[in-house]
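Shown here: input37.txt, compact mmCIF, C-alpha atoms and all ligand atoms.
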# COMPACT_ATOMS: atom_id res chain seq x y z
CA MET K 1 -36.06 149.90 -235.16
CA THR K 2 -38.30 147.89 -232.82
CA ARG K 3 -40.67 147.25 -235.74
CA VAL K 4 -37.84 145.92 -237.90
CA LEU K 5 -36.60 143.69 -235.08
CA MET K 6 -40.14 142.42 -234.43
CA ARG K 7 -40.62 141.53 -238.09
CA LEU K 8 -37.32 139.67 -238.27
CA LEU K 9 -38.13 137.85 -235.01
CA LEU K 10 -41.58 136.92 -236.29
CA ASP K 11 -40.18 135.48 -239.52
CA ALA K 12 -37.44 133.61 -237.62
CA THR K 13 -40.09 132.16 -235.26
CA ALA K 14 -42.13 130.99 -238.26
CA LEU K 15 -39.04 129.22 -239.60
CA VAL K 16 -38.36 127.50 -236.27
CA LEU K 17 -42.02 126.39 -236.02
CA LEU K 18 -41.90 125.06 -239.58
CA LEU K 19 -38.85 122.95 -238.73
CA LEU K 20 -40.50 121.68 -235.54
CA ALA K 21 -43.72 120.83 -237.41
CA PHE K 22 -41.66 118.41 -239.50
CA ALA K 23 -40.55 116.49 -236.43
CA TYR K 24 -44.00 114.86 -236.21
CA TRP K 25 -42.72 111.51 -235.00
CA TRP K 26 -40.53 113.17 -232.38
CA LEU K 27 -43.00 115.60 -230.76
CA GLY K 28 -46.20 113.63 -231.32
CA ASN K 29 -49.56 114.56 -232.83
CA PHE K 30 -50.80 117.07 -230.28
CA ALA K 31 -47.59 119.13 -230.26
CA HIS K 32 -47.54 118.96 -234.06
CA GLU K 33 -51.05 120.35 -234.34
CA VAL K 34 -50.40 123.14 -231.81
CA ILE K 35 -47.12 124.10 -233.54
CA GLY K 36 -48.77 124.00 -236.98
CA THR K 37 -51.67 126.16 -235.79
CA ALA K 38 -49.27 128.69 -234.22
CA LEU K 39 -47.35 128.78 -237.49
CA PHE K 40 -50.49 129.59 -239.46
CA LEU K 41 -51.33 132.42 -237.02
CA ILE K 42 -47.84 133.87 -237.48
CA LEU K 43 -48.21 133.53 -241.25
CA ALA K 44 -51.44 135.55 -241.06
CA ARG K 45 -49.44 138.30 -239.34
CA HIS K 46 -46.66 137.95 -241.94
CA LEU K 47 -49.24 138.48 -244.69
CA LEU K 48 -50.62 141.51 -242.87
CA ASN K 49 -47.11 142.97 -242.46
CA ASN K 50 -46.54 142.58 -246.20
CA ARG K 51 -50.03 143.57 -247.37
CA LYS K 52 -48.64 146.37 -249.56
CA TRP K 53 -46.92 143.73 -251.70
CA TRP K 54 -50.30 142.18 -252.56
CA SER K 55 -51.95 145.49 -253.38
CA SER K 56 -49.00 146.47 -255.61
CA LEU K 57 -49.37 143.39 -257.80
CA ARG K 58 -51.44 145.17 -260.42
CA ARG K 59 -49.09 148.12 -260.61
CA GLY K 60 -45.77 148.56 -262.45
CA ARG K 61 -43.88 146.51 -265.00
CA TYR K 62 -43.05 142.84 -264.71
CA HIS K 63 -39.29 142.46 -265.26
CA PRO K 64 -37.91 138.87 -264.99
CA ARG K 65 -37.04 138.98 -261.29
CA ARG K 66 -40.47 140.31 -260.38
CA ALA K 67 -42.26 137.74 -262.56
CA VAL K 68 -40.25 134.87 -261.00
CA GLY K 69 -40.86 136.28 -257.52
CA VAL K 70 -44.61 136.58 -258.02
CA ALA K 71 -44.83 133.06 -259.52
CA LEU K 72 -42.91 131.54 -256.60
CA THR K 73 -44.97 133.42 -254.04
CA PHE K 74 -48.09 132.14 -255.79
CA PHE K 75 -46.85 128.50 -255.60
CA LEU K 76 -45.94 129.00 -251.94
CA ALA K 77 -49.43 130.38 -251.24
CA VAL K 78 -51.01 127.37 -253.01
CA ALA K 79 -48.87 124.86 -251.06
CA MET K 80 -49.63 126.64 -247.76
CA THR K 81 -53.34 126.71 -248.56
CA VAL K 82 -53.32 122.95 -249.25
CA LEU K 83 -51.44 122.42 -245.97
CA LEU K 84 -53.94 124.56 -244.03
CA ALA K 85 -57.07 123.15 -245.69
CA THR K 86 -55.96 119.55 -245.17
CA SER K 87 -54.98 120.37 -241.55
CA PHE K 88 -58.59 121.24 -240.75
CA ALA K 89 -59.80 117.95 -242.22
CA ILE K 90 -57.21 115.54 -240.78
CA SER K 91 -56.87 117.13 -237.33
CA ARG K 92 -57.27 114.68 -234.43
CA THR K 93 -57.27 117.25 -231.62
CA THR K 94 -57.22 121.03 -232.22
CA PHE K 95 -59.71 121.06 -235.16
CA ALA K 96 -61.26 117.64 -234.62
CA TRP K 97 -64.57 119.35 -233.71
CA ILE K 98 -64.94 120.66 -237.27
CA PRO K 99 -67.12 118.12 -239.11
CA LEU K 100 -64.96 117.63 -242.21
CA PRO K 101 -64.38 114.31 -243.98
CA ASP K 102 -60.94 112.84 -243.27
CA SER K 103 -59.31 110.52 -245.80
CA PHE K 104 -56.05 108.83 -246.70
CA ALA K 105 -55.76 111.05 -249.79
CA LEU K 106 -56.04 114.21 -247.66
CA ARG K 107 -53.28 112.95 -245.35
CA GLU K 108 -51.10 112.31 -248.37
CA ALA K 109 -51.83 115.78 -249.77
CA HIS K 110 -50.94 117.28 -246.36
CA MET K 111 -47.61 115.48 -246.25
CA PHE K 112 -46.54 116.15 -249.83
CA ALA K 113 -47.60 119.82 -249.64
CA ALA K 114 -45.40 120.10 -246.53
CA TYR K 115 -42.27 118.88 -248.40
CA TRP K 116 -42.92 121.34 -251.22
CA VAL K 117 -43.44 124.12 -248.66
CA MET K 118 -39.91 123.42 -247.38
CA VAL K 119 -38.43 123.96 -250.85
CA LEU K 120 -40.62 126.97 -251.64
CA ILE K 121 -39.75 128.63 -248.32
CA GLY K 122 -36.05 128.30 -249.24
CA LEU K 123 -36.72 129.89 -252.64
CA HIS K 124 -38.85 132.60 -250.97
CA ILE K 125 -36.05 133.49 -248.53
CA GLY K 126 -33.49 133.52 -251.37
CA LEU K 127 -35.63 135.86 -253.46
CA ASN K 128 -36.19 138.22 -250.56
CA TRP K 129 -32.60 138.07 -249.30
CA GLN K 130 -32.00 141.70 -250.24
CA ARG K 131 -34.83 142.76 -247.95
CA VAL K 132 -33.58 140.56 -245.09
CA MET K 133 -30.13 142.19 -245.48
CA MET K 134 -31.76 145.63 -245.53
CA PHE K 135 -33.53 144.87 -242.24
CA ALA K 136 -30.31 143.41 -240.80
CA GLY K 137 -28.43 146.53 -241.93
CA LYS K 138 -30.86 148.71 -239.96
CA LEU K 139 -29.94 146.65 -236.90
CA GLY K 140 -26.23 147.24 -237.50
CA VAL K 141 -25.48 143.87 -239.11
CA ALA K 142 -23.75 145.18 -242.24
CA GLY K 143 -20.38 145.62 -243.90
CA PRO K 144 -17.96 143.46 -245.90
CA VAL K 145 -17.15 141.07 -243.03
CA TRP K 146 -20.81 140.18 -242.58
CA ARG K 147 -21.39 140.05 -246.33
CA TRP K 148 -18.44 137.79 -247.21
CA GLY K 149 -18.71 135.80 -243.99
CA GLY K 150 -22.41 135.25 -244.74
CA LEU K 151 -21.70 134.20 -248.32
CA ALA K 152 -18.98 131.74 -247.22
CA ALA K 153 -21.20 130.27 -244.49
CA GLY K 154 -24.12 130.10 -246.95
CA ALA K 155 -21.99 128.23 -249.52
CA ILE K 156 -20.76 125.69 -246.95
CA ILE K 157 -24.25 125.06 -245.52
CA ALA K 158 -25.71 124.83 -249.05
CA LEU K 159 -23.16 122.12 -249.89
CA GLN K 160 -24.22 120.28 -246.76
CA GLY K 161 -27.82 120.86 -247.94
CA LEU K 162 -27.11 118.81 -251.06
CA ARG K 163 -25.99 115.93 -248.87
CA SER K 164 -28.93 116.47 -246.48
CA ALA K 165 -31.39 116.32 -249.40
CA ALA K 166 -30.02 112.87 -250.21
CA VAL K 167 -30.06 111.78 -246.55
CA MET K 168 -33.72 112.88 -246.17
CA ASP K 169 -34.63 111.39 -249.56
CA LEU K 170 -36.04 114.78 -250.54
CA TRP K 171 -36.06 114.24 -254.32
CA THR K 172 -38.23 111.13 -253.93
CA ARG K 173 -40.67 112.99 -251.66
CA LEU K 174 -40.92 115.93 -254.08
CA ARG K 175 -41.95 113.48 -256.82
CA PHE K 176 -44.95 112.58 -254.59
CA ASP K 177 -43.37 109.19 -254.10
CA TYR K 178 -42.95 107.23 -250.87
CA SER K 179 -39.64 107.29 -249.08
CA LEU K 180 -38.28 104.40 -247.05
CA VAL K 181 -36.21 106.76 -244.87
CA MET K 182 -37.30 106.54 -241.22
CA TRP K 183 -35.73 108.82 -238.64
CA ASP K 184 -34.49 107.67 -235.24
CA PHE K 185 -35.36 110.68 -233.06
CA ASN K 186 -33.99 108.99 -229.94
CA SER K 187 -30.42 109.31 -231.13
CA GLN K 188 -30.57 111.89 -233.95
CA ALA K 189 -33.22 114.51 -233.16
CA PHE K 190 -30.95 117.54 -233.64
CA GLN K 191 -29.43 116.13 -236.82
CA PHE K 192 -32.99 115.97 -238.23
CA VAL K 193 -33.53 119.70 -237.67
CA GLY K 194 -29.99 120.43 -238.94
CA HIS K 195 -30.59 118.54 -242.18
CA TRP K 196 -33.81 120.46 -242.91
CA MET K 197 -32.11 123.79 -242.10
CA ALA K 198 -29.33 122.91 -244.53
CA ILE K 199 -31.93 122.00 -247.19
CA ILE K 200 -33.70 125.36 -246.80
CA THR K 201 -30.30 127.09 -247.01
CA LEU K 202 -29.49 125.15 -250.19
CA PHE K 203 -32.56 126.57 -251.95
CA ALA K 204 -32.22 130.06 -250.42
CA PHE K 205 -28.52 130.34 -251.28
CA GLY K 206 -29.03 128.86 -254.75
CA THR K 207 -31.81 131.34 -255.56
CA HIS K 208 -29.80 134.26 -254.20
CA CYS K 209 -26.75 133.30 -256.32
CA ILE K 210 -28.73 132.59 -259.49
CA THR K 211 -30.69 135.86 -259.35
CA ARG K 212 -27.45 137.78 -258.76
CA ALA K 213 -25.58 135.93 -261.50
CA LEU K 214 -28.36 136.65 -263.97
CA GLY K 215 -27.92 140.33 -263.15
CA MET K 216 -31.52 140.62 -262.07
CA PHE K 217 -30.61 142.90 -259.20
CA PRO K 218 -29.10 146.32 -259.74
CA ARG K 219 -25.43 145.94 -258.72
CA ARG K 220 -25.48 148.71 -256.14
CA ALA K 221 -28.38 147.13 -254.21
CA ALA K 222 -26.97 143.60 -254.18
CA ALA K 223 -26.37 142.06 -250.75
C1 LIG B 1 -47.83 124.46 -241.38
C2 LIG B 1 -47.41 123.57 -240.67
C3 LIG B 1 -47.45 122.08 -240.88
C4 LIG B 1 -46.50 121.29 -241.47
C5 LIG B 1 -45.20 121.75 -242.12
C6 LIG B 1 -46.96 119.93 -241.36
C7 LIG B 1 -46.27 118.83 -241.83
C8 LIG B 1 -46.65 117.50 -241.64
C9 LIG B 1 -45.91 116.36 -242.09
C10 LIG B 1 -44.58 116.42 -242.86
C11 LIG B 1 -46.59 115.27 -241.71
C12 LIG B 1 -46.20 113.83 -241.98
C13 LIG B 1 -45.38 113.25 -240.86
C14 LIG B 1 -44.80 111.94 -241.32
O1 LIG B 1 -45.58 110.99 -241.49
O2 LIG B 1 -43.59 111.88 -241.50
C15 LIG B 1 -47.79 115.70 -241.01
C16 LIG B 1 -48.74 114.86 -240.48
C17 LIG B 1 -49.88 115.29 -239.83
N1 LIG B 1 -50.26 116.59 -239.59
FE1 LIG B 1 -49.25 118.24 -240.17
N2 LIG B 1 -48.18 119.91 -240.71
C18 LIG B 1 -48.52 121.21 -240.41
C19 LIG B 1 -49.65 121.65 -239.76
C20 LIG B 1 -50.63 120.83 -239.23
C21 LIG B 1 -51.81 121.29 -238.53
C22 LIG B 1 -52.15 122.77 -238.26
C23 LIG B 1 -52.52 120.18 -238.19
C24 LIG B 1 -53.83 120.09 -237.48
C25 LIG B 1 -54.31 120.98 -236.69
C26 LIG B 1 -51.78 119.00 -238.66
C27 LIG B 1 -52.16 117.69 -238.50
C28 LIG B 1 -51.45 116.58 -238.91
C29 LIG B 1 -51.86 115.21 -238.68
C30 LIG B 1 -53.14 114.74 -237.97
C31 LIG B 1 -50.88 114.38 -239.27
C32 LIG B 1 -50.84 112.86 -239.31
C33 LIG B 1 -51.36 112.39 -240.65
C34 LIG B 1 -51.37 110.87 -240.74
O3 LIG B 1 -51.99 110.26 -239.91
O4 LIG B 1 -50.73 110.37 -241.67
N3 LIG B 1 -50.64 119.45 -239.29
N4 LIG B 1 -47.80 117.09 -241.01
Serialized structure, structure tokens:
Amino acid sequence: MTRVLMRLLLDATALVLLLLAFAYWWLGNFAHEVIGTALFLILARHLLNNRKWWSSLRRGRYHPRRAVGVALTFFLAVAMTVLLATSFAISRTTFAWIPLPDSFALREAHMFAAYWVMVLIGLHIGLNWQRVMMFAGKLGVAGPVWRWGGLAAGAIIALQGLRSAAVMDLWTRLRFDYSLVMWDFNSQAFQFVGHWMAIITLFAFGTHCITRALGMFPRRAAA
């Protein structure tokens, strides 16, 4: 029970740190680098917790859901690796002592990888929703009220996510293009975090619904 709770807490902390890492112009460079580094340490633990998944890759059959899941996890790993590798090079404080060449292109790669990470994390959560619900069930969060309440809340937040994606100019950023959207953290700091949470929910909820609609999950096990 404690292990399950710890794993859920760890993943939730990683999500909070990811959202905070995006508020670069609110928290400043030093806080950003510390938060980003902490996030990578938590991710290392997340990988260790799920190490069986990696070793099972060569075993068993690849049905559509598994193939999509593995492909998405691979893209997420690539985006995270770009984010981490560029972090070492562009760091101004925490890793500034590492003699790596910094460049404008590396800063761009860091930024664009970060926006793709946001989308891929949403897809990753959506694909693993069954497992999250299984963990939640072990903690007593189960039953029709939670299930339908969760679906209704997910649908409403996902709709907001569509609007938030427009507000944050997400589609432009995902095309590796420059956005003119600047955020006023003095008056709208919490809205910034809220918009990104809604965007992650949009991709998580969308993936969850699509995989269920396609009948990729056995009915009995569906959340
Ligand atoms: C995994 C977590 C991270 C995410 C999601 C992330 C995301 C971002 C984003 C979105 C920006 C652009 C801010 C903007 O201009 O709007 C940025 C900039 C920056 N990040 Fe990160 N970052 C992460 C980790 C790190 C780490 C670990 C370091 C260094 C130790 C770092 C160093 C920097 C620096 C120096 C900039 C400024 C680049 C410039 O001058 O244009 N980041 N990051």
| task | For range 203-213 of chain K, list every protein, DNA or RNA residue within 8 Å, evaluated using all atoms listed in the file, and leave out those in the same chain fewer than 2 positions away; present the list as a PyMOL selection string. | result | chain K and resi 65+119+121-127+129+154-155+158+199-201+215-217+222
| field | Residues within 6 Å of ligand LIG 1 (chain B), counting all atoms listed in the file, as a list in words | value | Leu18, Ala21, Phe22, Tyr24, Glu33, Gly36, Thr37, Leu39, Ser87, Phe88, Ile90, Ser91, Arg92, Thr94, Phe95, Arg107, Met111 and Ala114 of chain K
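Restricting the calculation to all atoms listed in the file, the smallest distance between Val117 in chain K and any of K:Trp26, K:Phe190, K:Trp148, K:Phe74 is found for K:Phe74.
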| Which residues, written as a ChimeraX atom specification, have at least one atom at most 12 Å from Phe135 in chain K, with only C-alpha atoms counted and residues fewer than 6 positions away on the same chain left out? | /K:1-9,11,128-129,141-142,223
With C-alpha atoms retained, could you export that selection as a PDB file, keeping the file's coordinate frame?
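The resulting again.pdb:
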ATOM      1  CA  MET K   1     -36.060 149.900-235.160  1.00  0.00           C
ATOM      2  CA  THR K   2     -38.300 147.890-232.820  1.00  0.00           C
ATOM      3  CA  ARG K   3     -40.670 147.250-235.740  1.00  0.00           C
ATOM      4  CA  VAL K   4     -37.840 145.920-237.900  1.00  0.00           C
ATOM      5  CA  LEU K   5     -36.600 143.690-235.080  1.00  0.00           C
ATOM      6  CA  MET K   6     -40.140 142.420-234.430  1.00  0.00           C
ATOM      7  CA  ARG K   7     -40.620 141.530-238.090  1.00  0.00           C
ATOM      8  CA  LEU K   8     -37.320 139.670-238.270  1.00  0.00           C
ATOM      9  CA  LEU K   9     -38.130 137.850-235.010  1.00  0.00           C
ATOM     10  CA  ASP K  11     -40.180 135.480-239.520  1.00  0.00           C
ATOM     11  CA  ASN K 128     -36.190 138.220-250.560  1.00  0.00           C
ATOM     12  CA  TRP K 129     -32.600 138.070-249.300  1.00  0.00           C
ATOM     13  CA  VAL K 141     -25.480 143.870-239.110  1.00  0.00           C
ATOM     14  CA  ALA K 142     -23.750 145.180-242.240  1.00  0.00           C
ATOM     15  CA  ALA K 223     -26.370 142.060-250.750  1.00  0.00           C
TER      16      ALA K 223
END
| query | Quick one, how far is CA of Met118 in chain K from CA of Thr13 in chain K? | reply | 14.9 Å
| With all atoms listed in the file as the basis for distance, which of K:Leu202, K:Met182, K:Leu48, K:Leu120 is at the shortest distance from Ala79 in chain K? | K:Leu120
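CA of Asn50 in chain K is positioned 13.4 Å from CA of Val70 in chain K.
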Near-Val181 in chain K list (9 Å; all atoms listed in the file; drop same-chain fewer than 5 positions) as a PDB file with C-alpha atoms, in the frame of the given file:
ATOM      1  CA  VAL K 167     -30.060 111.780-246.550  1.00  0.00           C
ATOM      2  CA  MET K 168     -33.720 112.880-246.170  1.00  0.00           C
ATOM      3  CA  ASP K 169     -34.630 111.390-249.560  1.00  0.00           C
TER       4      ASP K 169
END
| For Leu41 in chain K, which of K:Leu84, K:Leu19, K:Ala71, K:Leu106 is the closest residue, counting all atoms listed in the file? | K:Leu84
